[in-house]
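Just final-v1.cif here, mmCIF, C-alpha atoms:
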```cif
data_final
#
loop_
_atom_site.group_PDB
_atom_site.id
_atom_site.type_symbol
_atom_site.label_atom_id
_atom_site.label_comp_id
_atom_site.auth_asym_id
_atom_site.auth_seq_id
_atom_site.Cartn_x
_atom_site.Cartn_y
_atom_site.Cartn_z
ATOM 1 C CA MET A 29 260.216 175.053 -40.154
ATOM 2 C CA ALA A 30 260.618 171.569 -41.619
ATOM 3 C CA GLN A 31 261.672 168.701 -39.392
ATOM 4 C CA LYS A 32 265.109 167.252 -39.977
ATOM 5 C CA LYS A 33 265.141 163.660 -41.207
ATOM 6 C CA ILE A 34 266.534 161.169 -38.658
ATOM 7 C CA PRO A 35 268.699 158.457 -40.263
ATOM 8 C CA MET A 36 267.496 154.963 -39.351
ATOM 9 C CA ARG A 37 269.602 151.789 -39.323
ATOM 10 C CA MET A 38 268.840 148.138 -38.601
ATOM 11 C CA CYS A 39 270.496 146.353 -35.693
ATOM 12 C CA ILE A 40 271.955 143.063 -36.943
ATOM 13 C CA GLY A 41 271.251 141.468 -33.545
ATOM 14 C CA CYS A 42 267.572 142.189 -32.873
ATOM 15 C CA ARG A 43 266.736 143.290 -36.470
ATOM 16 C CA ASP A 44 264.901 146.426 -35.240
ATOM 17 C CA MET A 45 265.095 149.759 -37.043
ATOM 18 C CA LYS A 46 266.432 152.450 -34.700
ATOM 19 C CA PRO A 47 267.900 155.935 -35.049
ATOM 20 C CA LYS A 48 271.552 155.771 -36.081
ATOM 21 C CA ALA A 49 272.630 157.646 -32.930
ATOM 22 C CA GLU A 50 271.313 154.820 -30.699
ATOM 23 C CA LEU A 51 273.472 152.163 -32.389
ATOM 24 C CA ILE A 52 277.176 151.326 -32.523
ATOM 25 C CA ARG A 53 278.882 150.705 -35.849
ATOM 26 C CA VAL A 54 281.074 147.683 -36.506
ATOM 27 C CA VAL A 55 283.260 148.121 -39.566
ATOM 28 C CA LYS A 56 285.252 145.852 -41.859
ATOM 29 C CA THR A 57 288.225 147.944 -42.936
ATOM 30 C CA PRO A 58 289.698 147.770 -46.445
ATOM 31 C CA GLU A 59 292.532 145.707 -44.898
ATOM 32 C CA GLY A 60 289.958 143.091 -43.796
ATOM 33 C CA GLU A 61 290.025 143.811 -40.048
ATOM 34 C CA ILE A 62 286.769 143.955 -38.114
ATOM 35 C CA GLU A 63 286.569 146.536 -35.353
ATOM 36 C CA LEU A 64 284.220 148.795 -33.428
ATOM 37 C CA ASP A 65 283.763 152.263 -34.901
ATOM 38 C CA THR A 66 282.704 154.611 -32.113
ATOM 39 C CA SER A 67 283.098 157.705 -34.304
ATOM 40 C CA GLY A 68 280.948 156.290 -37.125
ATOM 41 C CA ARG A 69 283.350 157.660 -39.735
ATOM 42 C CA LYS A 70 285.921 154.936 -40.440
ATOM 43 C CA ASN A 71 286.326 153.717 -43.993
ATOM 44 C CA GLY A 72 284.873 150.342 -44.851
ATOM 45 C CA ARG A 73 281.694 148.296 -44.818
ATOM 46 C CA GLY A 74 279.593 148.969 -41.740
ATOM 47 C CA ALA A 75 276.995 147.126 -39.694
ATOM 48 C CA TYR A 76 275.096 148.402 -36.676
ATOM 49 C CA ILE A 77 274.413 146.828 -33.267
ATOM 50 C CA CYS A 78 272.359 148.103 -30.321
ATOM 51 C CA LYS A 79 274.326 149.300 -27.322
ATOM 52 C CA ASN A 80 273.501 146.238 -25.216
ATOM 53 C CA ALA A 81 275.065 142.830 -24.692
ATOM 54 C CA GLU A 82 271.875 140.927 -25.618
ATOM 55 C CA CYS A 83 271.983 142.081 -29.238
ATOM 56 C CA LEU A 84 275.665 141.214 -29.468
ATOM 57 C CA GLN A 85 274.907 137.700 -28.205
ATOM 58 C CA LYS A 86 272.111 137.310 -30.771
ATOM 59 C CA CYS A 87 274.485 138.547 -33.458
ATOM 60 C CA ARG A 88 277.111 136.018 -32.368
ATOM 61 C CA LYS A 89 274.599 133.144 -32.249
ATOM 62 C CA ARG A 90 273.328 133.862 -35.774
ATOM 63 C CA ASN A 91 276.777 134.661 -37.228
ATOM 64 C CA SER A 92 275.343 137.969 -38.406
ATOM 65 C CA LEU A 93 278.740 139.641 -38.787
ATOM 66 C CA SER A 94 279.987 136.798 -40.981
ATOM 67 C CA ASN A 95 276.907 137.070 -43.181
ATOM 68 C CA THR A 96 277.007 140.866 -43.360
ATOM 69 C CA PHE A 97 280.698 141.084 -44.235
ATOM 70 C CA SER A 98 280.755 137.922 -46.411
ATOM 71 C CA THR A 99 283.762 136.584 -44.526
ATOM 72 C CA PHE A 100 284.486 134.328 -41.556
ATOM 73 C CA VAL A 101 284.446 136.189 -38.230
ATOM 74 C CA SER A 102 286.252 134.304 -35.463
ATOM 75 C CA ASP A 103 285.223 134.129 -31.815
ATOM 76 C CA SER A 104 288.227 136.279 -30.901
ATOM 77 C CA VAL A 105 286.680 139.187 -32.833
ATOM 78 C CA TYR A 106 283.398 138.815 -30.921
ATOM 79 C CA GLU A 107 285.330 138.697 -27.625
ATOM 80 C CA LYS A 108 287.237 141.855 -28.582
ATOM 81 C CA ILE A 109 283.960 143.635 -29.405
ATOM 82 C CA GLU A 110 282.436 142.452 -26.094
ATOM 83 C CA LYS A 111 285.380 143.970 -24.184
ATOM 84 C CA GLU A 112 285.008 147.269 -26.054
ATOM 85 C CA PHE A 113 281.241 147.233 -25.335
ATOM 86 C CA ALA A 114 282.008 146.823 -21.622
ATOM 87 C CA LEU A 115 284.324 149.830 -21.732
ATOM 88 C CA LEU A 116 281.650 151.937 -23.450
ATOM 89 C CA GLU A 117 279.061 151.082 -20.779
ATOM 90 C CA GLN A 118 281.288 152.411 -17.981
#
```

Could you quickly redo this structure as structure tokens?
Amino acid sequence: MAQKKIPMRMCIGCRDMKPKAELIRVVKTPEGEIELDTSGRKNGRGAYICKNAECLQKCRKRNSLSNTFSTFVSDSVYEKIEKEFALLEQ
């Protein structure tokens, strides 16, 4: 029996390739809002981050979300994502 292919994605914080299931998707919706996509199925442009605070801090330092989505991402968006990350870890 053939092995099933595992989809790989790059974390925008640490820039490592990891299986999609190990990452969390951040999406820019068609309305222009940036939010966490825990289901992985929301419409819009997606970017992936590891499930740890270190990668989110690296992402924030490098402005990776702004570069990925070609738009300005304010600190309030990063703070909102940090709060949602904390809820996921519990």

query: If you apply the PyMOL selection byres ((chain A and resi 75) around 6) to this file, what residues do you get, as a ChimeraX atom specification?
result: /A:53-54,74,76

- prompt: Do you know which residues are at most 10 Å from Cys42 in chain A counting only C-alpha atoms, after dropping those on the same chain fewer than 4 positions away, and could you put them as a list of chain:residue names?
  reply: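 Selected residues are A:Met38, A:Ile77, A:Cys78, A:Glu82, A:Cys83, A:Leu84, A:Gln85, A:Lys86, A:Cys87.
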
Write a file of the just-selected residues containing C-alpha atoms, as a CSV table (one decimal), in the frame of the given file.
```csv
chain,number,residue,atom,x,y,z
A,38,MET,CA,268.8,148.1,-38.6
A,77,ILE,CA,274.4,146.8,-33.3
A,78,CYS,CA,272.4,148.1,-30.3
A,82,GLU,CA,271.9,140.9,-25.6
A,83,CYS,CA,272.0,142.1,-29.2
A,84,LEU,CA,275.7,141.2,-29.5
A,85,GLN,CA,274.9,137.7,-28.2
A,86,LYS,CA,272.1,137.3,-30.8
A,87,CYS,CA,274.5,138.5,-33.5
```

Report as an mmCIF file with C-alpha atoms, in the frame of the given file all protein, DNA and RNA residues lying within 6 Å of Lys56 in chain A, evaluated on all atoms listed in the file, omitting residues in the same chain fewer than 2 positions from it.
```
data_model
loop_
_atom_site.group_PDB
_atom_site.id
_atom_site.type_symbol
_atom_site.label_atom_id
_atom_site.label_comp_id
_atom_site.auth_asym_id
_atom_site.auth_seq_id
_atom_site.Cartn_x
_atom_site.Cartn_y
_atom_site.Cartn_z
ATOM 1 C CA GLY A 60 289.958 143.091 -43.796
ATOM 2 C CA GLU A 61 290.025 143.811 -40.048
ATOM 3 C CA ILE A 62 286.769 143.955 -38.114
ATOM 4 C CA GLY A 72 284.873 150.342 -44.851
ATOM 5 C CA ARG A 73 281.694 148.296 -44.818
#
```

Quick check on the file I pasted: which residues fall under the PyMOL selection byres ((chain A and resi 94) around 12)? Write them as a PDB file with C-alpha atoms, in the frame of the given file.
```
ATOM      1  CA  ILE A  40     271.955 143.063 -36.943  1.00  0.00           C
ATOM      2  CA  VAL A  54     281.074 147.683 -36.506  1.00  0.00           C
ATOM      3  CA  VAL A  55     283.260 148.121 -39.566  1.00  0.00           C
ATOM      4  CA  LYS A  56     285.252 145.852 -41.859  1.00  0.00           C
ATOM      5  CA  ILE A  62     286.769 143.955 -38.114  1.00  0.00           C
ATOM      6  CA  ALA A  75     276.995 147.126 -39.694  1.00  0.00           C
ATOM      7  CA  CYS A  87     274.485 138.547 -33.458  1.00  0.00           C
ATOM      8  CA  ARG A  88     277.111 136.018 -32.368  1.00  0.00           C
ATOM      9  CA  LYS A  89     274.599 133.144 -32.249  1.00  0.00           C
ATOM     10  CA  ARG A  90     273.328 133.862 -35.774  1.00  0.00           C
ATOM     11  CA  ASN A  91     276.777 134.661 -37.228  1.00  0.00           C
ATOM     12  CA  SER A  92     275.343 137.969 -38.406  1.00  0.00           C
ATOM     13  CA  LEU A  93     278.740 139.641 -38.787  1.00  0.00           C
ATOM     14  CA  ASN A  95     276.907 137.070 -43.181  1.00  0.00           C
ATOM     15  CA  THR A  96     277.007 140.866 -43.360  1.00  0.00           C
ATOM     16  CA  PHE A  97     280.698 141.084 -44.235  1.00  0.00           C
ATOM     17  CA  SER A  98     280.755 137.922 -46.411  1.00  0.00           C
ATOM     18  CA  THR A  99     283.762 136.584 -44.526  1.00  0.00           C
ATOM     19  CA  PHE A 100     284.486 134.328 -41.556  1.00  0.00           C
ATOM     20  CA  VAL A 101     284.446 136.189 -38.230  1.00  0.00           C
ATOM     21  CA  SER A 102     286.252 134.304 -35.463  1.00  0.00           C
ATOM     22  CA  ASP A 103     285.223 134.129 -31.815  1.00  0.00           C
ATOM     23  CA  VAL A 105     286.680 139.187 -32.833  1.00  0.00           C
ATOM     24  CA  TYR A 106     283.398 138.815 -30.921  1.00  0.00           C
TER      25      TYR A 106
END
```

task: Excluding Ala114 in chain A and any residue of its chain fewer than 5 positions from it, enumerate the residues within 12 Å of it, using all atoms listed in the file, and give them as a list in words.
output: Lys79, Asn80, Ala81, Leu84, Glu107, Lys108 and Ile109 of chain A

task: Figure out the distance between CA of Ile52 in chain A and CA of Asp65 in chain A, please, to one decimal in Å.
output: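 CA of Ile52 in chain A lies at a distance of 7.1 Å from CA of Asp65 in chain A.
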
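Pairwise distance (CA of Leu64 in chain A, CA of Met45 in chain A) equals 19.5 Å.
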
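In terms of minimum interatomic distance to Glu110 in chain A, A:Glu63 ranks closest within A:Pro35, A:Pro47, A:Glu63, A:Ala30, counting all atoms listed in the file.
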
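Across the model, the gap from CA of Arg37 in chain A to CA of Ala49 in chain A is 9.2 Å.
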
Padded axis-aligned box of range 102-112 of chain A (3 Å per side), centre and edge lengths, Å, one decimal, as AutoDock Vina command-line options:
```
--center_x 285.3 --center_y 140.7 --center_z -29.8 --size_x 11.8 --size_y 19.1 --size_z 17.3
```

Range 79-90 of chain A written out with all heavy atoms as a PDB file, in the first residue's frame:
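As a result, out23.pdb now contains:
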```
ATOM      1  N   LYS A  79       3.084  26.350  16.710  1.00  0.00           N
ATOM      2  CA  LYS A  79       2.221  26.503  17.879  1.00  0.00           C
ATOM      3  C   LYS A  79       3.020  26.883  19.125  1.00  0.00           C
ATOM      4  O   LYS A  79       2.799  26.342  20.200  1.00  0.00           O
ATOM      5  CB  LYS A  79       1.464  25.204  18.139  1.00  0.00           C
ATOM      6  CG  LYS A  79       0.504  24.831  17.046  1.00  0.00           C
ATOM      7  CD  LYS A  79      -0.186  23.524  17.344  1.00  0.00           C
ATOM      8  CE  LYS A  79      -1.098  23.123  16.205  1.00  0.00           C
ATOM      9  NZ  LYS A  79      -1.745  21.837  16.447  1.00  0.00           N
ATOM     10  N   ASN A  80       3.948  27.824  18.999  1.00  0.00           N
ATOM     11  CA  ASN A  80       4.665  28.304  20.175  1.00  0.00           C
ATOM     12  C   ASN A  80       4.856  29.816  20.090  1.00  0.00           C
ATOM     13  O   ASN A  80       4.823  30.405  19.011  1.00  0.00           O
ATOM     14  CB  ASN A  80       6.004  27.585  20.359  1.00  0.00           C
ATOM     15  CG  ASN A  80       6.955  27.795  19.220  1.00  0.00           C
ATOM     16  OD1 ASN A  80       7.137  28.911  18.750  1.00  0.00           O
ATOM     17  ND2 ASN A  80       7.574  26.726  18.766  1.00  0.00           N
ATOM     18  N   ALA A  81       5.044  30.412  21.253  1.00  0.00           N
ATOM     19  CA  ALA A  81       5.129  31.876  21.342  1.00  0.00           C
ATOM     20  C   ALA A  81       6.416  32.415  20.722  1.00  0.00           C
ATOM     21  O   ALA A  81       6.440  33.549  20.237  1.00  0.00           O
ATOM     22  CB  ALA A  81       5.029  32.305  22.795  1.00  0.00           C
ATOM     23  N   GLU A  82       7.487  31.614  20.714  1.00  0.00           N
ATOM     24  CA  GLU A  82       8.763  32.076  20.155  1.00  0.00           C
ATOM     25  C   GLU A  82       8.625  32.415  18.672  1.00  0.00           C
ATOM     26  O   GLU A  82       9.122  33.444  18.215  1.00  0.00           O
ATOM     27  CB  GLU A  82       9.834  31.001  20.324  1.00  0.00           C
ATOM     28  CG  GLU A  82      10.286  30.795  21.736  1.00  0.00           C
ATOM     29  CD  GLU A  82      11.293  29.661  21.841  1.00  0.00           C
ATOM     30  OE1 GLU A  82      11.889  29.268  20.819  1.00  0.00           O
ATOM     31  OE2 GLU A  82      11.471  29.174  22.970  1.00  0.00           O
ATOM     32  N   CYS A  83       7.965  31.568  17.924  1.00  0.00           N
ATOM     33  CA  CYS A  83       7.801  31.814  16.487  1.00  0.00           C
ATOM     34  C   CYS A  83       6.925  33.036  16.244  1.00  0.00           C
ATOM     35  O   CYS A  83       7.173  33.798  15.313  1.00  0.00           O
ATOM     36  CB  CYS A  83       7.213  30.593  15.796  1.00  0.00           C
ATOM     37  SG  CYS A  83       8.416  29.280  15.563  1.00  0.00           S
ATOM     38  N   LEU A  84       5.931  33.240  17.091  1.00  0.00           N
ATOM     39  CA  LEU A  84       5.090  34.420  16.948  1.00  0.00           C
ATOM     40  C   LEU A  84       5.894  35.686  17.224  1.00  0.00           C
ATOM     41  O   LEU A  84       5.739  36.693  16.529  1.00  0.00           O
ATOM     42  CB  LEU A  84       3.879  34.339  17.880  1.00  0.00           C
ATOM     43  CG  LEU A  84       2.860  35.456  17.744  1.00  0.00           C
ATOM     44  CD1 LEU A  84       2.304  35.511  16.323  1.00  0.00           C
ATOM     45  CD2 LEU A  84       1.734  35.274  18.732  1.00  0.00           C
ATOM     46  N   GLN A  85       6.793  35.638  18.193  1.00  0.00           N
ATOM     47  CA  GLN A  85       7.646  36.793  18.484  1.00  0.00           C
ATOM     48  C   GLN A  85       8.600  37.079  17.323  1.00  0.00           C
ATOM     49  O   GLN A  85       8.819  38.233  16.965  1.00  0.00           O
ATOM     50  CB  GLN A  85       8.440  36.572  19.784  1.00  0.00           C
ATOM     51  CG  GLN A  85       7.583  36.570  21.025  1.00  0.00           C
ATOM     52  CD  GLN A  85       6.816  37.862  21.215  1.00  0.00           C
ATOM     53  OE1 GLN A  85       7.305  38.950  20.927  1.00  0.00           O
ATOM     54  NE2 GLN A  85       5.584  37.735  21.673  1.00  0.00           N
ATOM     55  N   LYS A  86       9.168  36.023  16.737  1.00  0.00           N
ATOM     56  CA  LYS A  86      10.039  36.205  15.572  1.00  0.00           C
ATOM     57  C   LYS A  86       9.258  36.817  14.413  1.00  0.00           C
ATOM     58  O   LYS A  86       9.748  37.703  13.714  1.00  0.00           O
ATOM     59  CB  LYS A  86      10.635  34.865  15.132  1.00  0.00           C
ATOM     60  CG  LYS A  86      11.695  34.326  16.049  1.00  0.00           C
ATOM     61  CD  LYS A  86      12.195  32.990  15.533  1.00  0.00           C
ATOM     62  CE  LYS A  86      13.141  32.330  16.500  1.00  0.00           C
ATOM     63  NZ  LYS A  86      13.590  31.015  16.005  1.00  0.00           N
ATOM     64  N   CYS A  87       8.048  36.331  14.230  1.00  0.00           N
ATOM     65  CA  CYS A  87       7.171  36.828  13.168  1.00  0.00           C
ATOM     66  C   CYS A  87       6.883  38.312  13.382  1.00  0.00           C
ATOM     67  O   CYS A  87       6.933  39.109  12.445  1.00  0.00           O
ATOM     68  CB  CYS A  87       5.892  36.015  13.179  1.00  0.00           C
ATOM     69  SG  CYS A  87       4.648  36.554  12.036  1.00  0.00           S
ATOM     70  N   ARG A  88       6.620  38.682  14.614  1.00  0.00           N
ATOM     71  CA  ARG A  88       6.319  40.078  14.953  1.00  0.00           C
ATOM     72  C   ARG A  88       7.543  40.964  14.742  1.00  0.00           C
ATOM     73  O   ARG A  88       7.439  42.065  14.199  1.00  0.00           O
ATOM     74  CB  ARG A  88       5.848  40.147  16.401  1.00  0.00           C
ATOM     75  CG  ARG A  88       5.330  41.481  16.821  1.00  0.00           C
ATOM     76  CD  ARG A  88       4.799  41.409  18.237  1.00  0.00           C
ATOM     77  NE  ARG A  88       4.071  42.604  18.568  1.00  0.00           N
ATOM     78  CZ  ARG A  88       3.342  42.756  19.646  1.00  0.00           C
ATOM     79  NH1 ARG A  88       3.230  41.769  20.502  1.00  0.00           N
ATOM     80  NH2 ARG A  88       2.712  43.880  19.879  1.00  0.00           N
ATOM     81  N   LYS A  89       8.708  40.475  15.138  1.00  0.00           N
ATOM     82  CA  LYS A  89       9.954  41.247  15.013  1.00  0.00           C
ATOM     83  C   LYS A  89      10.286  41.520  13.548  1.00  0.00           C
ATOM     84  O   LYS A  89      10.729  42.614  13.186  1.00  0.00           O
ATOM     85  CB  LYS A  89      11.097  40.485  15.683  1.00  0.00           C
ATOM     86  CG  LYS A  89      12.398  41.222  15.705  1.00  0.00           C
ATOM     87  CD  LYS A  89      13.460  40.425  16.442  1.00  0.00           C
ATOM     88  CE  LYS A  89      14.786  41.144  16.407  1.00  0.00           C
ATOM     89  NZ  LYS A  89      15.836  40.385  17.094  1.00  0.00           N
ATOM     90  N   ARG A  90      10.073  40.529  12.700  1.00  0.00           N
ATOM     91  CA  ARG A  90      10.402  40.652  11.271  1.00  0.00           C
ATOM     92  C   ARG A  90       9.277  41.257  10.426  1.00  0.00           C
ATOM     93  O   ARG A  90       9.441  41.415   9.214  1.00  0.00           O
ATOM     94  CB  ARG A  90      10.699  39.268  10.686  1.00  0.00           C
ATOM     95  CG  ARG A  90      11.927  38.628  11.181  1.00  0.00           C
ATOM     96  CD  ARG A  90      12.132  37.325  10.407  1.00  0.00           C
ATOM     97  NE  ARG A  90      13.061  36.477  11.083  1.00  0.00           N
ATOM     98  CZ  ARG A  90      12.963  35.159  11.167  1.00  0.00           C
ATOM     99  NH1 ARG A  90      11.970  34.538  10.589  1.00  0.00           N
ATOM    100  NH2 ARG A  90      13.867  34.463  11.807  1.00  0.00           N
TER     101      ARG A  90
END
```
